[in-house]
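The structure file start.txt is reproduced below (compact mmCIF, C-alpha atoms).
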# COMPACT_ATOMS: atom_id res chain seq x y z
CA MET A 16 -92.15 -115.66 -76.44
CA PRO A 17 -89.82 -112.61 -76.40
CA ILE A 18 -86.87 -112.59 -78.80
CA ASP A 19 -83.44 -112.56 -77.22
CA LEU A 20 -81.51 -109.59 -78.64
CA SER A 21 -78.71 -109.57 -76.09
CA GLY A 22 -76.18 -110.67 -78.67
CA PHE A 23 -76.71 -107.59 -80.81
CA ASP A 24 -75.15 -104.17 -80.39
CA VAL A 25 -77.06 -100.93 -80.72
CA PRO A 26 -76.13 -99.51 -84.16
CA GLY A 27 -73.77 -96.57 -84.05
CA ARG A 28 -72.87 -96.90 -80.38
CA GLY A 29 -69.76 -98.49 -78.98
CA ARG A 30 -67.61 -98.51 -75.89
CA GLY A 31 -65.67 -95.39 -76.69
CA ILE A 32 -61.88 -95.51 -76.58
CA LEU A 33 -61.97 -99.19 -75.59
CA ASP A 34 -63.32 -100.08 -79.04
CA VAL A 35 -60.19 -98.66 -80.66
CA PHE A 36 -58.12 -101.51 -79.23
CA ARG A 37 -60.43 -104.01 -80.94
CA ARG A 38 -59.87 -102.41 -84.33
CA GLN A 39 -56.13 -101.94 -84.44
CA TYR A 40 -56.05 -102.75 -88.16
CA LEU A 41 -58.30 -99.77 -88.94
CA LEU A 42 -56.17 -97.59 -86.68
CA ARG A 43 -53.03 -98.60 -88.57
CA LEU A 44 -54.72 -97.80 -91.87
CA LEU A 45 -55.71 -94.32 -90.70
CA VAL A 46 -52.22 -93.62 -89.36
CA ARG A 47 -50.62 -94.85 -92.60
CA LYS A 48 -52.99 -92.70 -94.64
CA GLY A 49 -52.30 -89.62 -92.50
CA THR A 50 -48.52 -89.93 -92.67
CA ALA A 51 -48.54 -90.69 -96.42
CA THR A 52 -50.73 -87.74 -97.39
CA ARG A 53 -49.23 -85.09 -95.09
CA TYR A 54 -46.61 -83.92 -97.58
CA ARG A 55 -48.12 -85.30 -100.78
CA ASN A 56 -47.08 -83.29 -103.87
CA SER A 57 -44.54 -81.44 -101.73
CA VAL A 58 -41.03 -80.91 -103.11
CA LEU A 59 -39.26 -81.09 -99.74
CA GLY A 60 -41.58 -83.68 -98.21
CA TRP A 61 -40.51 -84.81 -94.75
CA VAL A 62 -37.77 -82.17 -94.73
CA TRP A 63 -40.48 -79.75 -93.60
CA SER A 64 -40.64 -81.66 -90.32
CA TYR A 65 -37.11 -80.38 -89.70
CA VAL A 66 -37.36 -76.95 -91.32
CA LYS A 67 -40.45 -75.73 -89.43
CA PRO A 68 -39.20 -76.36 -85.87
CA ALA A 69 -35.74 -75.08 -86.81
CA ALA A 70 -37.20 -71.80 -88.10
CA GLN A 71 -39.41 -71.51 -85.02
CA PHE A 72 -36.44 -72.07 -82.74
CA ILE A 73 -34.31 -69.44 -84.52
CA ILE A 74 -37.06 -66.83 -84.18
CA TYR A 75 -37.69 -67.60 -80.50
CA TYR A 76 -33.98 -67.63 -79.68
CA PHE A 77 -33.35 -64.34 -81.47
CA VAL A 78 -36.25 -62.60 -79.72
CA MET A 79 -35.97 -64.15 -76.25
CA GLY A 80 -32.26 -64.89 -76.07
CA VAL A 81 -30.64 -62.08 -78.07
CA ILE A 82 -33.07 -59.15 -77.87
CA MET A 83 -34.65 -59.75 -74.44
CA GLN A 84 -31.55 -61.52 -73.05
CA MET A 85 -33.51 -64.24 -71.28
CA ASP A 86 -30.43 -66.44 -71.59
CA ARG A 87 -28.67 -64.63 -68.77
CA GLY A 88 -28.16 -67.03 -65.87
CA ILE A 89 -29.23 -70.08 -67.89
CA GLU A 90 -26.35 -72.11 -69.25
CA ASN A 91 -26.99 -73.79 -72.61
CA PHE A 92 -30.10 -71.65 -73.07
CA PRO A 93 -30.66 -72.87 -76.67
CA ILE A 94 -31.19 -76.42 -75.37
CA TYR A 95 -33.40 -75.16 -72.53
CA LEU A 96 -35.47 -73.28 -75.11
CA PHE A 97 -35.66 -76.00 -77.75
CA SER A 98 -36.57 -78.79 -75.30
CA GLY A 99 -39.58 -76.72 -74.23
CA VAL A 100 -40.47 -75.81 -77.81
CA VAL A 101 -40.62 -79.44 -78.99
CA ALA A 102 -42.86 -80.40 -76.04
CA VAL A 103 -45.36 -77.63 -76.81
CA ASN A 104 -45.15 -78.33 -80.56
CA LEU A 105 -46.19 -81.92 -79.87
CA PHE A 106 -49.20 -80.72 -77.87
CA ASN A 107 -50.24 -78.10 -80.41
CA GLU A 108 -50.08 -80.45 -83.38
CA ALA A 109 -51.74 -83.36 -81.57
CA PHE A 110 -54.52 -81.16 -80.16
CA GLY A 111 -55.13 -79.34 -83.45
CA ASN A 112 -55.17 -82.52 -85.54
CA ALA A 113 -57.49 -84.32 -83.13
CA THR A 114 -59.94 -81.41 -83.13
CA THR A 115 -60.39 -81.45 -86.91
CA SER A 116 -60.13 -85.22 -87.34
CA ILE A 117 -63.88 -85.88 -87.57
CA VAL A 118 -64.58 -83.03 -89.98
CA GLU A 119 -61.65 -83.97 -92.20
CA ASN A 120 -62.87 -87.58 -92.39
CA ARG A 121 -66.51 -86.67 -93.00
CA ALA A 122 -66.76 -89.01 -96.00
CA LEU A 123 -66.03 -92.07 -93.85
CA VAL A 124 -68.10 -90.86 -90.92
CA LYS A 125 -71.19 -90.34 -93.09
CA LYS A 126 -70.97 -93.63 -95.00
CA ILE A 127 -70.00 -96.37 -92.54
CA TYR A 128 -69.95 -96.98 -88.83
CA LEU A 129 -66.67 -97.46 -87.02
CA PRO A 130 -65.59 -96.19 -83.61
CA ARG A 131 -65.35 -92.43 -84.09
CA GLU A 132 -62.57 -92.25 -81.51
CA LEU A 133 -60.34 -93.89 -84.10
CA PHE A 134 -59.96 -90.55 -85.87
CA PRO A 135 -58.74 -88.40 -82.92
CA ILE A 136 -56.46 -91.19 -81.68
CA ALA A 137 -54.99 -91.68 -85.17
CA ALA A 138 -54.42 -87.91 -85.34
CA ILE A 139 -52.55 -88.05 -82.00
CA ILE A 140 -50.34 -90.91 -83.23
CA ILE A 141 -49.59 -89.06 -86.48
CA ALA A 142 -48.59 -85.96 -84.50
CA PHE A 143 -46.25 -88.13 -82.41
CA ILE A 144 -44.65 -89.60 -85.56
CA HIS A 145 -43.98 -86.09 -86.87
CA PHE A 146 -42.59 -85.13 -83.47
CA LEU A 147 -39.82 -87.72 -83.78
CA PRO A 148 -37.64 -85.67 -86.22
CA GLN A 149 -37.66 -82.76 -83.75
CA LEU A 150 -36.75 -85.14 -80.96
CA ALA A 151 -33.90 -86.53 -83.06
CA ILE A 152 -32.48 -83.03 -83.63
CA LEU A 153 -32.71 -82.23 -79.93
CA LEU A 154 -30.97 -85.48 -78.99
CA LEU A 155 -28.19 -84.84 -81.51
CA VAL A 156 -27.54 -81.31 -80.20
CA CYS A 157 -27.57 -82.53 -76.59
CA ILE A 158 -25.03 -85.24 -77.41
CA LEU A 159 -22.77 -82.74 -79.18
CA VAL A 160 -22.63 -80.48 -76.10
CA GLY A 161 -21.86 -83.34 -73.72
CA TRP A 162 -25.26 -84.63 -72.62
CA THR A 163 -25.12 -86.99 -69.65
CA PRO A 164 -28.38 -88.96 -69.58
CA THR A 165 -29.72 -90.51 -66.39
CA LEU A 166 -32.44 -93.07 -65.80
CA ILE A 167 -34.50 -90.45 -63.95
CA GLY A 168 -34.05 -87.99 -66.80
CA LEU A 169 -34.97 -90.53 -69.48
CA GLY A 170 -37.99 -91.60 -67.44
CA GLY A 171 -38.95 -87.94 -67.16
CA ILE A 172 -38.86 -87.55 -70.95
CA VAL A 173 -41.15 -90.56 -71.46
CA LEU A 174 -43.49 -89.35 -68.71
CA GLY A 175 -43.54 -85.86 -70.25
CA ILE A 176 -44.57 -87.32 -73.62
CA VAL A 177 -47.35 -89.33 -71.94
CA VAL A 178 -48.64 -86.23 -70.13
CA VAL A 179 -48.68 -84.18 -73.35
CA LEU A 180 -50.44 -86.87 -75.39
CA ALA A 181 -53.01 -87.64 -72.68
CA PHE A 182 -53.82 -83.94 -72.24
CA ALA A 183 -54.00 -83.40 -76.01
CA LEU A 184 -56.24 -86.47 -76.47
CA GLY A 185 -58.67 -85.36 -73.76
CA LEU A 186 -58.97 -81.85 -75.17
CA GLY A 187 -59.00 -83.23 -78.71
CA LEU A 188 -61.97 -85.49 -77.99
CA LEU A 189 -63.80 -82.63 -76.31
CA PHE A 190 -63.33 -80.14 -79.14
CA ALA A 191 -63.62 -82.74 -81.92
CA GLY A 192 -67.14 -83.44 -80.72
CA LEU A 193 -68.01 -79.77 -80.38
CA ASN A 194 -66.39 -78.83 -83.69
CA VAL A 195 -68.82 -80.94 -85.72
CA ARG A 196 -71.84 -79.10 -84.34
CA TYR A 197 -70.28 -75.71 -83.60
CA ARG A 198 -67.49 -74.65 -85.94
CA ASP A 199 -66.65 -71.80 -83.55
CA ALA A 200 -64.90 -74.44 -81.46
CA GLN A 201 -61.96 -74.25 -83.86
CA ASN A 202 -61.40 -70.62 -82.87
CA PHE A 203 -61.18 -71.59 -79.20
CA VAL A 204 -58.68 -74.28 -80.13
CA GLU A 205 -56.46 -71.73 -81.87
CA LEU A 206 -56.56 -69.53 -78.77
CA ILE A 207 -55.56 -72.44 -76.54
CA ARG A 208 -52.71 -73.36 -78.88
CA MET A 209 -51.50 -69.76 -78.93
CA PHE A 210 -51.54 -69.45 -75.15
CA SER A 211 -49.90 -72.85 -74.62
CA THR A 212 -46.47 -71.49 -75.51
CA TRP A 213 -46.76 -68.58 -73.08
CA THR A 214 -48.49 -70.28 -70.14
CA SER A 215 -45.67 -72.79 -69.64
CA PRO A 216 -41.93 -72.16 -69.07
CA VAL A 217 -40.85 -72.53 -72.68
CA LEU A 218 -39.50 -69.09 -73.57
CA TYR A 219 -38.60 -68.12 -70.00
CA PRO A 220 -37.68 -69.84 -66.71
CA TRP A 221 -40.47 -70.42 -64.20
CA LEU A 222 -38.42 -68.42 -61.66
CA LEU A 223 -39.60 -65.23 -63.39
CA VAL A 224 -43.22 -66.23 -62.83
CA GLN A 225 -42.55 -67.07 -59.19
CA ASN A 226 -40.87 -63.69 -58.61
CA ALA A 227 -43.69 -61.83 -60.36
CA LEU A 228 -46.35 -63.64 -58.30
CA HIS A 229 -44.59 -63.67 -54.92
CA ASN A 230 -47.64 -61.99 -53.36
CA HIS A 231 -50.08 -64.38 -55.06
CA GLU A 232 -48.72 -67.81 -54.30
CA TRP A 233 -51.98 -69.57 -55.17
CA ILE A 234 -51.80 -68.26 -58.76
CA PHE A 235 -48.27 -69.63 -59.07
CA ASN A 236 -49.49 -72.98 -57.74
CA VAL A 237 -52.19 -73.07 -60.43
CA TYR A 238 -49.48 -72.25 -62.98
CA THR A 239 -47.38 -75.22 -61.82
CA TRP A 240 -50.38 -77.58 -62.00
CA ASN A 241 -50.77 -76.96 -65.74
CA PRO A 242 -49.98 -80.33 -67.41
CA LEU A 243 -47.95 -78.52 -70.07
CA THR A 244 -45.85 -76.80 -67.40
CA VAL A 245 -45.12 -80.17 -65.83
CA ALA A 246 -44.35 -81.77 -69.21
CA VAL A 247 -41.99 -78.96 -70.22
CA GLU A 248 -40.15 -79.23 -66.91
CA LEU A 249 -39.84 -82.99 -67.38
CA PHE A 250 -38.26 -82.31 -70.78
CA HIS A 251 -35.93 -79.75 -69.19
CA GLN A 252 -34.93 -82.28 -66.55
CA GLY A 253 -34.34 -84.97 -69.15
CA PHE A 254 -32.49 -82.96 -71.79
CA TRP A 255 -31.22 -79.61 -70.57
CA ALA A 256 -30.26 -80.64 -67.00
CA GLY A 257 -28.01 -83.34 -68.45
CA THR A 258 -25.92 -80.73 -70.30
CA VAL A 259 -25.16 -78.41 -67.37
CA PRO A 260 -23.32 -78.98 -64.07
CA PRO A 261 -25.45 -79.41 -60.93
CA PRO A 262 -26.29 -76.10 -59.20
CA SER A 263 -24.21 -75.16 -56.21
CA ALA A 264 -25.73 -75.22 -52.74
CA GLY A 265 -28.28 -72.45 -52.28
CA ALA A 266 -28.41 -71.59 -55.97
CA ASP A 267 -31.68 -71.38 -57.87
CA ASP A 268 -32.24 -74.37 -60.13
CA PRO A 269 -34.61 -73.50 -63.01
CA SER A 270 -35.01 -77.19 -63.93
CA ILE A 271 -36.96 -78.24 -60.84
CA LEU A 272 -40.31 -76.73 -59.91
CA PRO A 273 -41.01 -76.29 -56.19
CA ASN A 274 -43.25 -79.06 -54.85
CA PHE A 275 -42.82 -80.84 -58.14
CA GLU A 276 -44.29 -84.12 -56.87
CA ILE A 277 -47.52 -82.32 -55.96
CA ALA A 278 -47.62 -80.54 -59.33
CA LEU A 279 -47.09 -83.86 -61.15
CA THR A 280 -49.86 -85.56 -59.16
CA VAL A 281 -52.34 -82.73 -59.72
CA SER A 282 -51.53 -82.54 -63.43
CA ALA A 283 -52.10 -86.31 -63.72
CA PHE A 284 -55.56 -85.91 -62.15
CA ILE A 285 -56.26 -83.04 -64.55
CA CYS A 286 -55.31 -85.21 -67.54
CA VAL A 287 -57.59 -88.03 -66.35
CA ALA A 288 -60.45 -85.60 -65.71
CA VAL A 289 -60.04 -83.99 -69.14
CA LEU A 290 -60.01 -87.44 -70.77
CA VAL A 291 -63.24 -88.43 -69.01
CA ILE A 292 -64.95 -85.12 -69.84
CA GLY A 293 -63.68 -85.23 -73.42
CA GLN A 294 -64.92 -88.78 -73.96
CA THR A 295 -68.32 -87.94 -72.41
CA VAL A 296 -68.84 -84.87 -74.60
CA PHE A 297 -67.58 -86.71 -77.69
CA ARG A 298 -70.03 -89.58 -77.18
CA HIS A 299 -72.87 -87.12 -76.60
CA TYR A 300 -72.36 -85.40 -79.98
CA GLU A 301 -71.31 -88.60 -81.75
CA ARG A 302 -74.96 -89.57 -82.23
CA THR A 303 -75.53 -86.77 -84.74
CA PHE A 304 -72.15 -86.63 -86.49
CA ALA A 305 -73.52 -87.92 -89.80
CA GLN A 306 -76.42 -85.41 -89.81
CA ASP A 307 -74.27 -82.44 -88.72
CA LEU A 308 -71.61 -83.16 -91.33
So, in terms of C-alpha cells, how does the structure I just supplied come out?
Amino acid sequence: MPIDLSGFDVPGRGRGILDVFRRQYLLRLLVRKGTATRYRNSVLGWVWSYVKPAAQFIIYYFVMGVIMQMDRGIENFPIYLFSGVVAVNLFNEAFGNATTSIVENRALVKKIYLPRELFPIAAIIIAFIHFLPQLAILLLVCILVGWTPTLIGLGGIVLGIVVVLAFALGLGLLFAGLNVRYRDAQNFVELIRMFSTWTSPVLYPWLLVQNALHNHEWIFNVYTWNPLTVAVELFHQGFWAGTVPPPSAGADDPSILPNFEIALTVSAFICVAVLVIGQTVFRHYERTFAQDL
C-alpha cells in the first residue's frame, strides 16, 4: 500500500513571495536587524540619513541649477530637483540592497531553510525606512514655501512609491539570484543605478528630451514608459506642482508627461513583468544557493 506523502512539503522549495506573508515574524526580525546594524559604531548614526541626501542635492543643484542653469523656466527648481532625487535614491538603495541580500546573509542561507525571498523583501523595507527622513525633509521644505496638497497629488506620491518599490523588488529578485552564482551581476547593478538618475527627469525637465527627440517620437515614448520616469513625475505632481501656480493656457507644463495615462499603464505592466521574471529567475537559482555560497 503506497504511503501518502501529500501532507509534506519538498525540502527547500516554497511558494515564493507568497511564503513571506506566512512568516511575518521572521520578516520583522530581519528588518529590525537591518535597521539596527546599518549605523552601528557610527558617531552620527541616523544623522547620515539626512546628511547624504542633503550633500547630493547641493552638488546636483550647483551643477545643474547654477552652472548649467537648468532652473530657467522652472519655478521652485530646488523642490523639482529634490523630489526627483529622493525618488531615485529610494530605487537605488532598494535595488542595491536587494541584490546583495542573499550574499550578505550567507550564514543563514547555508544553515537553515526559510523562504529566501525574505531577504530581498526585508532589504526593500529597510530601504523604505531610510527613505523616510528624506521624505520628511522634502515635506518640510514644501510646507515652508507654501505647498498646497491635493488628493490627486497625495495619491500620486503613494502610487510613485509603489511603482519604485515594485520595480526595485522585481529587479532585486532577478539580480539577487544571479549574484549568488555570477558575481559579475553586481557590476551590472551598479551600471543600472548610475543610469537611473540620468534616464529619468530628475536633473532636467522631460521637455528637453522631447525637444531633442522630436524626430524620433518612438524613442521618447520608450523614455516615458520607464517606471522610474513615471514615478519621478508622480513625485513632481505631488510635491513640486503644489508649490507653483497652475500654468497659463498654452504654456508648457513640465509636471505632466504627454499621454501620461498610457505611460502609467505601460509602466505598471513592466513592473508586473519584471516581478514575474525576477521571481522565476530567483527560484531557478535558489536551489543551489547553499552550494554556491
Residues at most 9 Å from segment 209-220 of chain A, counting only C-alpha atoms, excluding those fewer than 3 positions away in the same chain, as a ChimeraX atom specification?
-> /A:75-76,79-80,85-86,89,95-100,102-104,106-107,204-206,223-224,238-239,241-245,247-248,269-270
Quick one, how far is atom CA of Ile277 of chain A from atom CA of Asn236 of chain A?
->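 Distance between the two atoms: 9.7 Å.
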Residues of segment 104-182 of chain A at most 10 Å from segment 67-74 of chain A: nearest atom pair and distance in Å, all atoms listed in the file, as a Markdown table:
| residue | atom | partner | partner_atom | distance |
| --- | --- | --- | --- | --- |
| A:Asn104 | CA | A:Pro68 | CA | 8.2 |
| A:Phe146 | CA | A:Pro68 | CA | 9.7 |
| A:Pro148 | CA | A:Pro68 | CA | 9.4 |
| A:Gln149 | CA | A:Pro68 | CA | 6.9 |
| A:Ile152 | CA | A:Ala69 | CA | 9.2 |
Just how far from atom CA of Ala137 of chain A is atom CA of Thr52 of chain A, in Å to one decimal?
->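 Atom CA of Ala137 of chain A lies 13.5 Å from atom CA of Thr52 of chain A.
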Work out how far atom CA of Gly187 of chain A is from atom CA of Ile139 of chain A, in Å to one decimal.
->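 Straight-line distance from atom CA of Ile139 of chain A to atom CA of Gly187 of chain A works out to 8.7 Å.
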Would you kindly return, as a ChimeraX atom specification, each protein, DNA or RNA residue with an atom no farther than 12 Å from any atom of Arg131 of chain A, considering all atoms listed in the file and excluding same-chain residues fewer than 3 positions away?
-> /A:27-35,38,41-42,45,113,116-118,120-121,123-125,127-128,134-138,188,191-192,294,297-305
Pick the closest to Arg196 of chain A from A:Ile285, A:Val296, A:Leu180, A:Ala151: which is it, counting only C-alpha atoms?
->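 Distance minimum relative to Arg196 of chain A lands on A:Val296.
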